[in-house]
Amino acid sequence: MSRPLSDQERRKQISIRGIVGAESVAELKRGFNRHLHFTLVKDRNVATPRDYYFALAHTVRDHLVGRWIRTQQYYYEKDPKRIYYLSLEFYMGRTLQNTMINLGLQNACDEAVYQLGLDMEELEEIEEDAGLGNGGLGRLAACFLDSMATLGLAAYGYGIRYEYGIFNQKIRDGWQVEEADDWLRHGNPWEKARPEYMLPVHFYGRVEHSASGAKWLDTQVVLALPYDTPVPGYMNNTVNTMRLWSARAPNDFNLRDFNVGDYIQAVLDRNLAENISRVLYPNDNFFEGKELRLKQEYFVVAATLQDIIRRFKASKFGSTESVRTVFDSFPDQVAIQLNDTHPAMAIPELMRIFVDIEKLPWDKAWDITKRTFAYTNHTVLPEALERWPVDLVEKLLPRHLQIIYEINQRHLDHIASLFPNDVDRLRRMSLIEEGGIKRINMAHLCIVGSHAVNGVAKIHSEIVKTQVFEDFAALEPEKFQNKTNGITPRRWLLLCNPGLAELIAEKIGEDYVRDLSQLTKLHEFVDDDLFIREVAKVKQENKVKFALYLEKEYKVKINPSSMFDVHVKRIHEYKRQLMNCLHIITMYNRIRRDPAKLFVPRTVIIGGKAAPGYHMAKMIIKLINAVAQVVNNDPMVGSKLKVIFLENYRVSLAEKVIPATDLSEQISTAGTEASGTGNMKFMLNGALTIGTMDGANVEMAEEAGEENLFIFGMRVEDVTELDRKGYNAQLYYDRLPELKQAVDQIKSGFFSPKDPNLFNDVVNMLFHHDRFKVFADYEAYVKCQEKVSELYLNSKAWTKMVIRNIAAAGKFSSDRTIKEYARDIWHVEPSDLKIPPPNEPRDAGQDKTPNGTAA
């Protein structure tokens, strides 16, 4: 049970988690009891732990609602430029604790819950993760919403309210098994349905052209029902909105079938419409060209653009102006950011609205559209780039295909005028790929239809410009930008690592939570023996806590003073969990070969989900578990080496493992990881990084000094050179005895005695189809790991390097990233205005306000 604060602790209370006052605690207890009483009167006589969680969630939500209404009213009156962040994924995780922290209620809630005889940690564990994302892209969107609210931007996140989020992963006999994530089964206390804003979305049908323009007729209609979730900024009373759409069949959906007597089938067919928001596609960095996925992509943009235009047209409150009917000012009032190509259909959809419905001339509509949209590219892997078959788009969205063809024709005419007779350039830059099945290249559509295109780390943005979209960057160099990703320090420090957050606040003050660049002040304490000991102590406490969790969940006894070597992210060949696995086998063989030799004990923790259809990724999970089975049960190894595969890695589990990590594995092949944000979370929480010069690792090394990271392996130019020469895995296998031994053990069935051929596909891939060159970096990786072990033996030197890393982590705040988007792409200024809380009067001039939450 959470311990109440002592008087001494209360006196030195760090206000980053809120001030504890007797009045606020009493108010929270009253609210809690009121909500609990309501639940019990309604349902049952005995309260369950879930009842307690819901009572607490509703109590905290009460503190949000007034601020939420005030914020939306403020936007309604001031009519600022609005930012719309369109993403098919928002990987939010849990909401309760994050809301308490951002409202400054954490300590008061802890105290109130303790006085009620309950355990805060137990209540927090009851909440389901909102797992509406696969990994980095969706989690980035969640961090950005937090930063946009904290910076006072009038911002909205738009996506889909998937009934089933990213699957729950079970490990059975070492294999990944997927289970549906029914995250809404107990209800969601943080969302509010808004049926008054339900909108129609059209599919299929035909197009008719006449003198008055194009008409899209005989369509099938699906309704989009919005659910709003409040997104609070940190301690500024701003509460923005994430609006997620749920698909509903209209009442007359297919009921014409009733006339031929099949009423039952007609009602059952409603499911086909509602399937659109049923489930998140569980693919990360892989394009799946399914009709349902395209429906999802169009569904979210069609509903969102109607909403955006409705809000744009609405007259300002208290003004005598008529409704806006002229769209000239649209790009001055509206910025739409496309989070990768998934919402790319927004470009032809906005053109359809402008040209077919609002009757704007094409050139004017296109100018407004381009000035409104901006596109973020998240990957350079060819299998991840979206290319929709023309036939499918023609069937599902016939008018949009015509618009895309028109955009492409005008685009190619322009290219031809600049580069006459360069047919190959026209082919490369076309929106339509002609080879085999005709496909629409969605990245090309996004580039042509946007005024800004950005990558998500310096090295990635350079690759985007010089390799992936070289022709486009040569044509419009000013359009291409870099916006290095960031993470929100509220969730990824205050929430998950309060001990470290408060230690930092004691040393440099509390303002760093809003301005993470202030962490540089910690450089003053790198040689402070007391601070070094305190940082090491916080890490050790986090490790002990996580070791207990692992023991409880996995029945493996963990040595908390061993090095916690952690590799958690989606399972993918390019992220090279296989190289880590080969290192584990090498360490295991070294211990067996010389048991008396000093060996730095390690607990290697690997976690992540494989896309259900990704055979190799699933084989990698099985191999890691098979190796763990052998290592963990070998008495010669004992506590020197343990291997754990974390089941069902997700946001709430990341919040537990990251603060306990000593060594962060960021070992993708140079040039393949766009940015990564896990690397930043580990850095901020006092883990050291072993990594390649890839993604944001490059900038982390710039900020902290390369000597304060463990950098190894090929650089991008080395990989390019190796591709030119031809990569031959056999050469490394023949030259490196330890690599050969490890591979032979996998091949011979040493880790799978019941089925010696089990890992043949893995071995075959490593020798013949390894695009990510594991063997080429193996030797450098193992040598670098030896340096890691050597430093770990010197606790003081290790902790000093940790402090240097934390002090250098300031750049990687999503607040900094969002400020750059605001300045360079959206052309808005962050506001440090603090909207008055609901219990304080507004300015007299602002008193006339509409009732309810403005939408």
# chains A, B, ... in the order shown; residues from 1 in each chain; ligands from 1
$ select_by_dssp --residues "stretch 310-490 of chain A" --states "strand (DSSP E)" --output "CSV table (one decimal) with all heavy atoms, in the first residue's frame"
chain,number,residue,atom,x,y,z
A,334,VAL,N,-6.0,26.7,-40.7
A,334,VAL,CA,-6.0,25.2,-40.6
A,334,VAL,C,-4.7,24.7,-41.1
A,334,VAL,O,-4.2,25.0,-42.2
A,334,VAL,CB,-7.1,24.6,-41.5
A,334,VAL,CG1,-7.0,23.1,-41.6
A,334,VAL,CG2,-8.5,25.0,-41.0
A,335,ALA,N,-4.0,23.8,-40.2
A,335,ALA,CA,-2.8,23.1,-40.6
A,335,ALA,C,-3.1,21.6,-40.4
A,335,ALA,O,-3.6,21.3,-39.3
A,335,ALA,CB,-1.6,23.5,-39.8
A,336,ILE,N,-2.9,20.8,-41.4
A,336,ILE,CA,-3.1,19.4,-41.3
A,336,ILE,C,-1.8,18.6,-41.4
A,336,ILE,O,-1.2,18.7,-42.5
A,336,ILE,CB,-4.2,18.9,-42.3
A,336,ILE,CG1,-5.5,19.7,-42.2
A,336,ILE,CG2,-4.4,17.4,-42.1
A,336,ILE,CD1,-6.5,19.3,-43.2
A,337,GLN,N,-1.4,17.9,-40.4
A,337,GLN,CA,-0.2,17.1,-40.5
A,337,GLN,C,-0.6,15.6,-40.7
A,337,GLN,O,-1.3,15.1,-40.0
A,337,GLN,CB,0.6,17.2,-39.1
A,337,GLN,CG,2.0,16.7,-39.2
A,337,GLN,CD,2.9,17.5,-40.0
A,337,GLN,OE1,2.8,18.7,-40.1
A,337,GLN,NE2,3.8,16.8,-40.8
A,338,LEU,N,0.0,15.1,-41.8
A,338,LEU,CA,-0.2,13.6,-42.1
A,338,LEU,C,0.9,12.8,-41.4
A,338,LEU,O,2.0,12.9,-41.8
A,338,LEU,CB,-0.2,13.5,-43.6
A,338,LEU,CG,-1.2,14.3,-44.4
A,338,LEU,CD1,-1.0,14.1,-45.9
A,338,LEU,CD2,-2.6,14.0,-44.0
A,339,ASN,N,0.5,12.0,-40.5
A,339,ASN,CA,1.4,11.1,-39.8
A,339,ASN,C,1.7,9.9,-40.6
A,339,ASN,O,1.0,8.9,-40.5
A,339,ASN,CB,0.9,10.8,-38.4
A,339,ASN,CG,2.0,10.2,-37.5
A,339,ASN,OD1,3.2,10.4,-37.7
A,339,ASN,ND2,1.6,9.3,-36.5
A,373,PHE,N,-1.6,21.1,-46.2
A,373,PHE,CA,-1.1,19.8,-45.7
A,373,PHE,C,0.4,19.8,-45.6
A,373,PHE,O,1.2,20.5,-46.3
A,373,PHE,CB,-1.4,18.7,-46.8
A,373,PHE,CG,-2.9,18.3,-46.7
A,373,PHE,CD1,-3.8,18.6,-47.7
A,373,PHE,CD2,-3.3,17.5,-45.7
A,373,PHE,CE1,-5.1,18.2,-47.7
A,373,PHE,CE2,-4.6,17.1,-45.6
A,373,PHE,CZ,-5.5,17.4,-46.6
A,374,ALA,N,0.9,19.0,-44.6
A,374,ALA,CA,2.3,18.7,-44.5
A,374,ALA,C,2.4,17.2,-44.2
A,374,ALA,O,1.5,16.6,-43.6
A,374,ALA,CB,2.9,19.5,-43.3
A,375,TYR,N,3.5,16.6,-44.6
A,375,TYR,CA,3.7,15.1,-44.5
A,375,TYR,C,4.9,14.7,-43.8
A,375,TYR,O,6.0,15.3,-44.0
A,375,TYR,CB,3.7,14.6,-46.0
A,375,TYR,CG,4.3,13.2,-46.2
A,375,TYR,CD1,3.9,12.1,-45.5
A,375,TYR,CD2,5.3,13.1,-47.2
A,375,TYR,CE1,4.5,10.9,-45.7
A,375,TYR,CE2,5.9,11.8,-47.4
A,375,TYR,CZ,5.5,10.7,-46.7
A,375,TYR,OH,6.1,9.5,-46.9
A,376,THR,N,4.8,13.8,-42.8
A,376,THR,CA,5.9,13.3,-42.1
A,376,THR,C,6.1,11.8,-42.6
A,376,THR,O,5.2,11.0,-42.6
A,376,THR,CB,5.6,13.2,-40.6
A,376,THR,OG1,5.3,14.5,-40.1
A,376,THR,CG2,6.8,12.6,-39.8
A,387,ARG,N,1.5,1.4,-51.5
A,387,ARG,CA,1.2,1.5,-52.9
A,387,ARG,C,-0.1,0.8,-53.2
A,387,ARG,O,-0.2,-0.4,-53.3
A,387,ARG,CB,2.3,0.8,-53.7
A,387,ARG,CG,3.7,1.5,-53.5
A,387,ARG,CD,4.8,0.7,-54.3
A,387,ARG,NE,6.0,1.4,-54.4
A,387,ARG,CZ,7.0,1.3,-53.5
A,387,ARG,NH1,6.9,0.5,-52.5
A,387,ARG,NH2,8.2,2.0,-53.7
A,388,TRP,N,-1.2,1.6,-53.3
A,388,TRP,CA,-2.5,1.0,-53.5
A,388,TRP,C,-2.8,0.6,-54.9
A,388,TRP,O,-2.6,1.5,-55.8
A,388,TRP,CB,-3.6,1.9,-52.9
A,388,TRP,CG,-3.6,2.0,-51.4
A,388,TRP,CD1,-3.1,3.0,-50.7
A,388,TRP,CD2,-4.1,1.0,-50.6
A,388,TRP,NE1,-3.3,2.7,-49.3
A,388,TRP,CE2,-3.9,1.5,-49.2
A,388,TRP,CE3,-4.7,-0.3,-50.7
A,388,TRP,CZ2,-4.2,0.7,-48.1
A,388,TRP,CZ3,-5.0,-1.0,-49.6
A,388,TRP,CH2,-4.8,-0.5,-48.3
A,389,PRO,N,-3.3,-0.6,-55.2
A,389,PRO,CA,-3.7,-1.0,-56.5
A,389,PRO,C,-4.8,0.0,-57.1
A,389,PRO,O,-5.8,0.3,-56.4
A,389,PRO,CB,-4.2,-2.4,-56.4
A,389,PRO,CG,-3.7,-2.9,-55.1
A,389,PRO,CD,-3.5,-1.7,-54.2
A,432,ILE,N,1.6,7.3,-60.3
A,432,ILE,CA,1.1,6.0,-60.7
A,432,ILE,C,2.3,5.2,-61.1
A,432,ILE,O,3.0,5.5,-62.0
A,432,ILE,CB,0.1,6.1,-61.8
A,432,ILE,CG1,-1.0,7.2,-61.5
A,432,ILE,CG2,-0.6,4.7,-62.1
A,432,ILE,CD1,-1.9,6.9,-60.3
A,433,GLU,N,2.4,4.0,-60.5
A,433,GLU,CA,3.5,3.0,-60.9
A,433,GLU,C,2.9,2.1,-61.9
A,433,GLU,O,1.9,1.4,-61.6
A,433,GLU,CB,4.0,2.3,-59.7
A,433,GLU,CG,4.7,3.2,-58.7
A,433,GLU,CD,5.2,2.5,-57.5
A,433,GLU,OE1,4.9,1.3,-57.3
A,433,GLU,OE2,5.9,3.1,-56.7
A,439,ARG,N,-0.3,0.8,-59.6
A,439,ARG,CA,-0.5,1.2,-58.2
A,439,ARG,C,-0.3,2.7,-58.0
A,439,ARG,O,0.5,3.3,-58.8
A,439,ARG,CB,0.6,0.5,-57.3
A,439,ARG,CG,0.4,-1.0,-57.3
A,439,ARG,CD,1.5,-1.7,-56.5
A,439,ARG,NE,1.3,-3.2,-56.5
A,439,ARG,CZ,0.6,-3.8,-55.6
A,439,ARG,NH1,-0.1,-3.2,-54.7
A,439,ARG,NH2,0.5,-5.1,-55.7
A,440,ILE,N,-0.9,3.2,-57.0
A,440,ILE,CA,-0.7,4.6,-56.6
A,440,ILE,C,0.3,4.7,-55.5
A,440,ILE,O,0.2,4.0,-54.5
A,440,ILE,CB,-2.0,5.3,-56.1
A,440,ILE,CG1,-3.1,5.1,-57.2
A,440,ILE,CG2,-1.8,6.7,-55.8
A,440,ILE,CD1,-4.5,5.4,-56.6
A,441,ASN,N,1.4,5.4,-55.8
A,441,ASN,CA,2.5,5.6,-54.8
A,441,ASN,C,2.0,6.7,-53.8
A,441,ASN,O,2.0,7.9,-54.2
A,441,ASN,CB,3.8,6.0,-55.5
A,441,ASN,CG,4.9,6.0,-54.5
A,441,ASN,OD1,4.8,6.6,-53.4
A,441,ASN,ND2,6.0,5.4,-54.9
A,452,ALA,N,5.2,20.9,-47.0
A,452,ALA,CA,6.4,20.6,-46.3
A,452,ALA,C,6.4,19.0,-46.1
A,452,ALA,O,5.4,18.4,-45.9
A,452,ALA,CB,6.3,21.2,-44.9
A,453,VAL,N,7.6,18.5,-46.2
A,453,VAL,CA,7.9,17.1,-46.0
A,453,VAL,C,9.0,16.9,-45.0
A,453,VAL,O,10.0,17.6,-45.2
A,453,VAL,CB,8.3,16.4,-47.4
A,453,VAL,CG1,8.6,14.9,-47.1
A,453,VAL,CG2,7.2,16.6,-48.4
A,454,ASN,N,8.8,16.1,-44.0
A,454,ASN,CA,9.9,16.0,-43.0
A,454,ASN,C,10.2,14.5,-42.7
A,454,ASN,O,9.3,13.7,-42.7
A,454,ASN,CB,9.6,16.8,-41.8
A,454,ASN,CG,8.6,16.2,-40.9
A,454,ASN,OD1,7.4,16.3,-41.2
A,454,ASN,ND2,8.9,15.5,-39.8
A,455,GLY,N,11.5,14.3,-42.5
A,455,GLY,CA,11.9,13.0,-41.8
A,455,GLY,C,12.0,13.2,-40.3
A,455,GLY,O,11.7,14.3,-39.8
A,480,PHE,N,11.7,20.2,-48.2
A,480,PHE,CA,12.2,19.0,-47.3
A,480,PHE,C,12.8,19.5,-46.1
A,480,PHE,O,13.7,20.4,-46.1
A,480,PHE,CB,13.1,18.1,-48.1
A,480,PHE,CG,12.3,17.3,-49.2
A,480,PHE,CD1,11.9,17.9,-50.3
A,480,PHE,CD2,12.0,16.0,-48.9
A,480,PHE,CE1,11.1,17.1,-51.3
A,480,PHE,CE2,11.3,15.2,-49.8
A,480,PHE,CZ,10.9,15.8,-51.0
A,481,GLN,N,12.4,19.0,-44.9
A,481,GLN,CA,12.9,19.4,-43.6
A,481,GLN,C,13.2,18.2,-42.7
A,481,GLN,O,12.9,17.1,-43.1
A,481,GLN,CB,11.8,20.3,-42.9
A,481,GLN,CG,11.3,21.4,-43.7
A,481,GLN,CD,10.4,22.3,-42.8
A,481,GLN,OE1,10.3,22.1,-41.6
A,481,GLN,NE2,9.7,23.2,-43.4
A,482,ASN,N,13.9,18.5,-41.6
A,482,ASN,CA,14.1,17.5,-40.6
A,482,ASN,C,13.4,18.0,-39.3
A,482,ASN,O,13.5,19.1,-38.9
A,482,ASN,CB,15.5,17.2,-40.3
A,482,ASN,CG,15.7,16.3,-39.1
A,482,ASN,OD1,15.2,15.2,-39.1
A,482,ASN,ND2,16.3,16.8,-38.0
$ select_by_dssp --residues "stretch 25-255 of chain A" --states "helix (DSSP H, G or I)" --output "PyMOL selection string"
chain A and resi 25-42+49-78+96-102+106-115+120-126+136-150+195-197+255
$ closest_residue --among "A:Ile415, A:Val568, A:Glu524, A:Ile347" --to "A:Leu445" --atoms "only C-alpha atoms"
A:Ile347
$ residues_around --residues "stretch 188-195 of chain A" --least-positions-apart "2" --cutoff "6 Å" --atoms "only C-alpha atoms" --output "PyMOL selection string"
chain A and resi 197-198+225-229
$ residues_around --residues "A:Glu462" --least-positions-apart "4" --cutoff "12 Å" --atoms "only C-alpha atoms" --output "list in words"
Asn377, Val380, Val453, Asn454, Gly455, Val456, Ala457, Lys458, Thr466, Gln467, Val468, Phe469, Glu470, Ala473, Pro477, Phe480, Gln481, Asn482, Lys483, Thr484, Gly671, Ala674, Asp694, Gly695 and Val716 of chain A
$ write_last_selection --atoms "N, CA, C and O atoms" --output "short mmCIF file (atom, residue, chain, number, x, y, z; two decimals), in the first residue's frame"
data_model
loop_
_atom_site.label_atom_id
_atom_site.label_comp_id
_atom_site.auth_asym_id
_atom_site.auth_seq_id
_atom_site.Cartn_x
_atom_site.Cartn_y
_atom_site.Cartn_z
N ASN A 377 7.37 11.61 -43.06
CA ASN A 377 7.76 10.27 -43.51
C ASN A 377 8.40 9.53 -42.33
O ASN A 377 9.23 10.08 -41.61
N VAL A 380 12.12 4.24 -44.41
CA VAL A 380 12.72 4.13 -45.75
C VAL A 380 12.68 2.69 -46.24
O VAL A 380 13.15 2.38 -47.32
N VAL A 453 7.64 18.51 -46.19
CA VAL A 453 7.87 17.06 -46.02
C VAL A 453 9.01 16.92 -45.03
O VAL A 453 10.05 17.57 -45.20
N ASN A 454 8.82 16.12 -43.99
CA ASN A 454 9.93 15.98 -43.04
C ASN A 454 10.21 14.53 -42.69
O ASN A 454 9.31 13.69 -42.65
N GLY A 455 11.50 14.26 -42.45
CA GLY A 455 11.92 13.02 -41.82
C GLY A 455 11.96 13.23 -40.32
O GLY A 455 11.69 14.34 -39.83
N VAL A 456 12.33 12.19 -39.56
CA VAL A 456 12.17 12.24 -38.11
C VAL A 456 13.49 12.12 -37.34
O VAL A 456 13.50 11.92 -36.13
N ALA A 457 14.62 12.22 -38.04
CA ALA A 457 15.95 12.34 -37.42
C ALA A 457 16.86 12.86 -38.53
O ALA A 457 16.56 12.70 -39.71
N LYS A 458 17.97 13.49 -38.15
CA LYS A 458 18.84 14.11 -39.16
C LYS A 458 19.26 13.12 -40.24
O LYS A 458 19.15 13.41 -41.43
N THR A 466 18.29 12.41 -50.23
CA THR A 466 19.34 12.04 -51.19
C THR A 466 19.13 10.68 -51.84
O THR A 466 19.77 10.37 -52.83
N GLN A 467 18.24 9.88 -51.27
CA GLN A 467 18.03 8.54 -51.84
C GLN A 467 16.56 8.28 -52.19
O GLN A 467 16.20 8.18 -53.35
N VAL A 468 15.70 8.21 -51.17
CA VAL A 468 14.33 7.72 -51.38
C VAL A 468 13.53 8.65 -52.29
O VAL A 468 12.85 8.20 -53.21
N PHE A 469 13.58 9.97 -52.04
CA PHE A 469 12.81 10.93 -52.84
C PHE A 469 13.74 11.96 -53.48
O PHE A 469 13.44 13.16 -53.51
N GLU A 470 14.84 11.47 -54.00
CA GLU A 470 15.89 12.34 -54.53
C GLU A 470 15.36 13.29 -55.61
O GLU A 470 15.66 14.50 -55.60
N ALA A 473 13.25 16.09 -54.07
CA ALA A 473 14.05 17.03 -53.28
C ALA A 473 14.87 17.94 -54.20
O ALA A 473 15.09 19.12 -53.89
N PRO A 477 13.83 21.75 -53.12
CA PRO A 477 14.64 21.48 -51.92
C PRO A 477 14.09 22.15 -50.66
O PRO A 477 14.20 21.61 -49.56
N PHE A 480 11.70 20.16 -48.15
CA PHE A 480 12.16 19.03 -47.32
C PHE A 480 12.85 19.54 -46.06
O PHE A 480 13.73 20.38 -46.11
N GLN A 481 12.41 18.98 -44.93
CA GLN A 481 12.91 19.43 -43.62
C GLN A 481 13.23 18.23 -42.74
O GLN A 481 12.86 17.10 -43.05
N ASN A 482 13.90 18.52 -41.62
CA ASN A 482 14.07 17.49 -40.59
C ASN A 482 13.39 17.95 -39.31
O ASN A 482 13.48 19.11 -38.94
N LYS A 483 12.70 17.03 -38.67
CA LYS A 483 12.13 17.28 -37.34
C LYS A 483 12.45 16.05 -36.48
O LYS A 483 11.70 15.06 -36.51
N THR A 484 13.55 16.11 -35.76
CA THR A 484 13.95 14.96 -34.95
C THR A 484 12.88 14.68 -33.89
O THR A 484 12.43 15.59 -33.20
N GLY A 671 21.08 3.09 -41.29
CA GLY A 671 20.29 3.52 -42.43
C GLY A 671 18.90 2.90 -42.50
O GLY A 671 18.18 3.13 -43.47
N ALA A 674 14.33 4.88 -38.81
CA ALA A 674 14.12 6.29 -39.12
C ALA A 674 14.62 7.17 -37.97
O ALA A 674 15.38 8.11 -38.17
N ASP A 694 22.70 5.08 -36.25
CA ASP A 694 21.45 5.00 -37.00
C ASP A 694 20.39 5.82 -36.29
O ASP A 694 20.42 5.97 -35.06
N GLY A 695 19.43 6.34 -37.05
CA GLY A 695 18.31 7.06 -36.45
C GLY A 695 18.78 8.16 -35.53
O GLY A 695 19.77 8.86 -35.78
N VAL A 716 26.38 4.24 -42.40
CA VAL A 716 25.55 4.15 -43.61
C VAL A 716 26.41 3.93 -44.86
O VAL A 716 26.10 3.09 -45.71
#
$ residues_around --residues "stretch 529-532 of chain A" --least-positions-apart "3" --cutoff "9 Å" --atoms "only C-alpha atoms" --output "ChimeraX atom specification"
/A:503,507,525-526,535-537,796,799-800,803
$ write_last_selection --atoms "C-alpha atoms" --output "tab-separated table (two decimals), in the first residue's frame"
chain	number	residue	atom	x	y	z
A	503	LEU	CA	16.22	13.96	-7.50
A	507	LYS	CA	19.29	19.78	-7.91
A	525	PHE	CA	27.10	17.52	-10.65
A	526	VAL	CA	28.99	14.91	-12.73
A	535	VAL	CA	21.57	8.47	-8.96
A	536	ALA	CA	22.97	4.95	-8.51
A	537	LYS	CA	20.60	4.39	-5.57
A	796	LYS	CA	31.30	5.24	-10.15
A	799	THR	CA	27.17	6.38	-13.07
A	800	LYS	CA	29.14	9.45	-14.17
A	803	ILE	CA	24.68	11.52	-15.52
$ closest_residue --among "A:Gly289, A:Gly608, A:Gly435, A:Gly213" --to "A:Arg399" --atoms "only C-alpha atoms"
A:Gly213
$ closest_residue --among "A:Thr661, A:Gln402, A:Asn728, A:Ser417" --to "A:His209" --atoms "only C-alpha atoms"
A:Gln402
$ residues_around --residues "A:Met680" --least-positions-apart "3" --cutoff "9 Å" --atoms "only C-alpha atoms" --output "JSON, numbers by chain"
{"A": [486, 487, 676, 677, 683, 684, 685, 696, 697, 700, 809, 812, 813]}
$ write_last_selection --atoms "N, CA, C and O atoms" --output "mmCIF file, in the first residue's frame"
data_model
loop_
_atom_site.group_PDB
_atom_site.id
_atom_site.type_symbol
_atom_site.label_atom_id
_atom_site.label_comp_id
_atom_site.auth_asym_id
_atom_site.auth_seq_id
_atom_site.Cartn_x
_atom_site.Cartn_y
_atom_site.Cartn_z
ATOM 1 N N GLY A 486 10.821 13.312 -30.551
ATOM 2 C CA GLY A 486 11.045 13.523 -29.115
ATOM 3 C C GLY A 486 10.036 12.725 -28.321
ATOM 4 O O GLY A 486 9.136 12.086 -28.876
ATOM 5 N N ILE A 487 10.184 12.761 -27.009
ATOM 6 C CA ILE A 487 9.279 12.043 -26.091
ATOM 7 C C ILE A 487 8.782 13.029 -25.040
ATOM 8 O O ILE A 487 9.467 14.006 -24.741
ATOM 9 N N GLY A 676 13.609 6.150 -34.020
ATOM 10 C CA GLY A 676 13.540 5.487 -32.721
ATOM 11 C C GLY A 676 13.173 6.526 -31.682
ATOM 12 O O GLY A 676 13.551 7.698 -31.784
ATOM 13 N N THR A 677 12.365 6.124 -30.701
ATOM 14 C CA THR A 677 12.123 6.998 -29.542
ATOM 15 C C THR A 677 12.396 6.238 -28.245
ATOM 16 O O THR A 677 12.610 6.845 -27.203
ATOM 17 N N MET A 683 17.719 6.848 -22.463
ATOM 18 C CA MET A 683 18.731 7.871 -22.150
ATOM 19 C C MET A 683 18.258 8.762 -21.007
ATOM 20 O O MET A 683 19.000 9.030 -20.052
ATOM 21 N N LEU A 684 17.022 9.233 -21.095
ATOM 22 C CA LEU A 684 16.465 10.131 -20.081
ATOM 23 C C LEU A 684 16.363 9.447 -18.717
ATOM 24 O O LEU A 684 16.453 10.097 -17.679
ATOM 25 N N ASN A 685 16.189 8.123 -18.718
ATOM 26 C CA ASN A 685 16.004 7.377 -17.470
ATOM 27 C C ASN A 685 17.288 6.737 -16.952
ATOM 28 O O ASN A 685 17.252 5.870 -16.095
ATOM 29 N N ALA A 696 18.083 8.327 -34.408
ATOM 30 C CA ALA A 696 18.414 9.394 -33.455
ATOM 31 C C ALA A 696 19.644 9.063 -32.617
ATOM 32 O O ALA A 696 20.147 9.944 -31.905
ATOM 33 N N ASN A 697 20.147 7.822 -32.688
ATOM 34 C CA ASN A 697 21.413 7.504 -31.994
ATOM 35 C C ASN A 697 22.500 8.501 -32.389
ATOM 36 O O ASN A 697 23.343 8.878 -31.574
ATOM 37 N N MET A 700 22.002 11.602 -30.460
ATOM 38 C CA MET A 700 22.288 11.333 -29.044
ATOM 39 C C MET A 700 23.803 11.363 -28.809
ATOM 40 O O MET A 700 24.281 11.923 -27.823
ATOM 41 N N ALA A 809 20.101 14.810 -22.520
ATOM 42 C CA ALA A 809 18.846 14.291 -23.087
ATOM 43 C C ALA A 809 17.838 15.383 -23.406
ATOM 44 O O ALA A 809 16.785 15.109 -23.985
ATOM 45 N N PHE A 812 15.762 15.863 -26.650
ATOM 46 C CA PHE A 812 14.846 14.815 -27.113
ATOM 47 C C PHE A 812 13.471 14.887 -26.447
ATOM 48 O O PHE A 812 12.777 13.894 -26.313
ATOM 49 N N SER A 813 13.095 16.105 -26.061
ATOM 50 C CA SER A 813 11.736 16.341 -25.581
ATOM 51 C C SER A 813 10.818 16.589 -26.776
ATOM 52 O O SER A 813 11.182 17.312 -27.703
#
$ closest_residue --among "A:Ala211, A:Val231, A:Ala687, A:Ile806" --to "A:Lys521" --atoms "only C-alpha atoms"
A:Ile806
$ residues_around --residues "A:Met587" --least-positions-apart "4" --cutoff "12 Å" --atoms "only C-alpha atoms" --output "PyMOL selection string"
chain A and resi 580-583+591-595+599-604+627+631+637+640-643+738-739+741-742+782-783+785-786+789
$ closest_residue --among "A:Lys555, A:His202, A:Lys747, A:Lys569" --to "A:Ala224" --atoms "only C-alpha atoms"
A:His202
$ closest_residue --among "A:Thr689, A:Ser246, A:Asn485, A:Gln306" --to "A:Ser277" --atoms "only C-alpha atoms"
A:Ser246
